[in-house]
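*Asks:* Contents of entry20.txt (compact mmCIF, C-alpha atoms) are below:
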# COMPACT_ATOMS: atom_id res chain seq x y z
CA VAL B 1 -22.65 -0.91 -10.46
CA ALA B 2 -20.88 -4.23 -9.89
CA GLY B 3 -21.24 -5.11 -13.58
CA ASN B 4 -19.64 -1.83 -14.64
CA ARG B 5 -16.73 -2.43 -12.31
CA VAL B 6 -16.21 -5.96 -13.65
CA ARG B 7 -16.20 -4.69 -17.24
CA LYS B 8 -13.74 -1.93 -16.37
CA VAL B 9 -11.44 -4.35 -14.57
CA ASN B 10 -11.62 -6.78 -17.50
CA ARG B 11 -10.51 -4.01 -19.90
CA LEU B 12 -7.39 -3.10 -17.93
CA PRO B 13 -5.28 -6.14 -18.92
CA ARG B 14 -6.15 -5.60 -22.59
CA LYS B 15 -5.23 -1.92 -22.27
CA TYR B 16 -1.80 -2.73 -20.85
CA LEU B 17 -1.29 -5.54 -23.37
CA SER B 18 -2.02 -3.05 -26.13
CA ALA B 19 0.43 -0.60 -24.54
CA ALA B 20 3.06 -3.36 -24.49
CA ARG B 21 2.47 -4.02 -28.18
CA LYS B 22 3.01 -0.34 -29.01
CA THR B 23 6.36 -0.31 -27.19
CA LEU B 24 7.78 -3.49 -28.73
CA GLY B 25 11.11 -1.83 -29.59
CA ASN B 26 11.65 -0.27 -26.14
CA LYS B 27 12.69 -3.08 -23.77
CA ASP B 28 12.00 -1.38 -20.43
CA ALA B 29 8.64 0.12 -21.36
CA PHE B 30 7.54 -3.13 -23.02
CA TYR B 31 8.25 -5.36 -20.04
CA ILE B 32 6.75 -2.89 -17.57
CA ALA B 33 3.53 -2.77 -19.60
CA LEU B 34 3.50 -6.55 -20.03
CA GLU B 35 3.98 -7.11 -16.31
CA LYS B 36 1.16 -4.66 -15.54
CA ALA B 37 -1.09 -6.53 -17.97
CA LEU B 38 -0.36 -9.86 -16.27
CA HIS B 39 -0.84 -8.45 -12.77
CA ASN B 40 -4.07 -6.66 -13.67
CA TYR B 41 -5.38 -9.81 -15.30
CA LEU B 42 -4.81 -11.77 -12.08
CA LYS B 43 -6.32 -9.01 -9.99
CA ALA B 44 -9.42 -9.05 -12.18
CA LYS B 45 -9.91 -12.79 -12.40
CA LEU B 46 -8.71 -14.06 -9.02
CA LYS B 47 -9.60 -10.98 -6.97
CA ILE B 48 -6.24 -10.73 -5.22
CA GLU B 49 -4.36 -7.62 -4.16
CA THR B 50 -0.97 -6.51 -5.43
CA SER B 51 0.56 -7.04 -1.99
CA GLU B 52 -0.29 -10.76 -2.25
CA PHE B 53 1.67 -11.24 -5.49
CA SER B 54 4.37 -13.86 -5.29
CA LYS B 55 5.06 -16.57 -7.82
CA ASP B 56 4.35 -19.29 -5.25
CA LYS B 57 1.01 -17.76 -4.25
CA ILE B 58 0.02 -17.28 -7.89
CA ALA B 59 0.94 -20.89 -8.74
CA LEU B 60 -1.11 -22.13 -5.78
CA LEU B 61 -4.15 -20.04 -6.75
CA LEU B 62 -3.99 -21.17 -10.37
CA GLU B 63 -3.72 -24.78 -9.20
CA GLU B 64 -6.80 -24.33 -6.99
CA LYS B 65 -8.70 -22.93 -10.00
CA GLN B 66 -7.67 -26.09 -11.93
CA ILE B 67 -5.70 -24.28 -14.61
CA ASP B 68 -3.71 -26.80 -16.66
CA THR B 69 -0.01 -27.10 -15.90
CA GLY B 70 1.23 -25.78 -19.26
CA THR B 71 -0.79 -22.58 -18.97
CA LYS B 72 0.21 -22.07 -15.34
CA ASP B 73 3.90 -22.60 -16.17
CA GLY B 74 3.61 -20.23 -19.13
CA PHE B 75 2.16 -17.51 -16.92
CA ILE B 76 4.83 -17.92 -14.23
CA GLY B 77 7.49 -18.02 -16.96
CA LEU B 78 6.24 -14.73 -18.38
CA LEU B 79 6.49 -13.11 -14.95
CA LYS B 80 10.07 -14.38 -14.64
CA ASN B 81 10.92 -13.07 -18.13
CA CYS B 82 9.58 -9.64 -17.20
CA GLU B 83 11.86 -9.53 -14.17
CA MET B 84 14.91 -10.86 -16.02
CA ALA B 85 14.46 -8.58 -19.02
CA ARG B 86 14.99 -5.47 -16.98
CA TYR B 87 18.50 -6.52 -16.02
CA SER B 88 19.74 -8.44 -19.03
CA PRO B 89 19.89 -7.86 -22.77
CA PHE B 90 16.83 -9.13 -24.63
CA SER B 91 16.25 -8.99 -28.35
CA LYS B 92 13.19 -7.74 -30.22
CA VAL B 93 12.49 -11.33 -31.27
CA GLN B 94 12.29 -12.36 -27.60
CA MET B 95 9.92 -9.45 -26.89
CA GLN B 96 7.64 -10.53 -29.74
CA GLN B 97 7.65 -14.12 -28.46
CA ASP B 98 6.79 -12.94 -24.93
CA TYR B 99 3.97 -10.78 -26.28
CA ASP B 100 2.54 -13.67 -28.31
CA LEU B 101 2.82 -16.01 -25.33
CA ALA B 102 1.10 -13.48 -23.06
CA SER B 103 -1.82 -13.15 -25.47
CA GLU B 104 -2.09 -16.91 -25.76
CA VAL B 105 -1.86 -17.56 -21.99
CA ILE B 106 -4.44 -14.90 -21.15
CA SER B 107 -6.93 -16.21 -23.70
CA THR B 108 -6.39 -19.82 -22.55
CA MET B 109 -6.86 -18.85 -18.89
CA ASP B 110 -10.03 -16.95 -19.81
CA LYS B 111 -11.48 -20.14 -21.26
CA GLN B 112 -10.46 -22.22 -18.23
CA LEU B 113 -11.71 -19.75 -15.62
Can I see the file as structure tokens?
*Replies:*
Amino acid sequence: VAGNRVRKVNRLPRKYLSAARKTLGNKDAFYIALEKALHNYLKAKLKIETSEFSKDKIALLLEEKQIDTGTKDGFIGLLKNCEMARYSPFSKVQMQQDYDLASEVISTMDKQL
């Protein structure tokens, strides 16, 4: 039972990342899906609740797990971009860069965790 739950939880970030990819032209939907992918990834790997999400807490947890500084900064930067994108104009090029960075950061963190 525990193994099934772990597999299901590990699929959620990929599902939301795929949803973000499908909505690359739609700024709001893209960044909402990307943020969900990042949050679900952290929930799956670090076993933290949504109520505990703050950039400082995330940075501290990633530091404790000995994630390298570049990856940690990339993850925090993506979270900041998701928040900023909702209230400012972003181009499709920026969305593609954020998507590529998210894929790269998640795969790098997978290897380090």
*Asks:* Could you work out how far atom CA of B:Ala59 lies from atom CA of B:Ala20, giving the answer in Å with one decimal?
*Replies:*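 Atom-to-atom, atom CA of B:Ala20 to atom CA of B:Ala59, that is 23.7 Å.
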*Asks:* For B:Ser18, which residue among B:Leu62, B:Leu42, B:Ala85, B:Leu34 is the nearest when counting all atoms listed in the file?
*Replies:*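 Result for the nearest residue to B:Ser18: B:Leu34.
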*Asks:* Between atom CA of B:Ser107 and atom CA of B:Leu38, what is the distance, to one decimal in Å?
*Replies:*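 Taking atom CA of B:Ser107 and atom CA of B:Leu38, their separation equals 11.8 Å.
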*Asks:* Using only C-alpha atoms, which of B:Pro89, B:Tyr41, B:Asp110, B:Leu101 sits nearest B:Lys27?
*Replies:*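 Looking at the shortest contact to B:Lys27, the residue is B:Pro89.
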*Asks:* What's the 12 Å shell around B:Leu78, counting all atoms listed in the file, without same-chain residues fewer than 4 positions away, as a list of chain:residue names?
*Replies:*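 After dropping sequence-adjacent residues, the list is B:Tyr31, B:Ile32, B:Leu34, B:Glu35, B:Lys36, B:Ala37, B:Leu38, B:His39, B:Lys55, B:Thr71, B:Lys72, B:Asp73, B:Gly74, B:Cys82, B:Glu83, B:Met84, B:Ala85, B:Gln94, B:Met95, B:Gln97, B:Asp98, B:Tyr99, B:Asp100, B:Leu101, B:Ala102, B:Ser103, B:Glu104, B:Val105, B:Ile106.
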*Asks:* Quick one: pull the distance between atom CA of B:Lys92 and atom CA of B:Gly25, Å, one decimal.
*Replies:*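 According to the coordinates, atom CA of B:Lys92 and atom CA of B:Gly25 are separated by 6.3 Å.
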*Asks:* Tell me which protein, DNA and RNA residues are within 9 Å of B:Gln112, counting only C-alpha atoms, leaving out same-chain ones fewer than 5 positions away, and put them as a PyMOL selection string.
*Replies:* chain B and resi 65-68+107
*Asks:* With 8 Å on each side, where is the centre of the axis-aligned box around all listed atoms of stretch 13-24 of chain B, and how long are its edges in Å to one decimal, as JSON?
*Replies:*
{"center_x": 0.8, "center_y": -3.2, "center_z": -24.0, "size_x": 29.9, "size_y": 21.8, "size_z": 26.1}
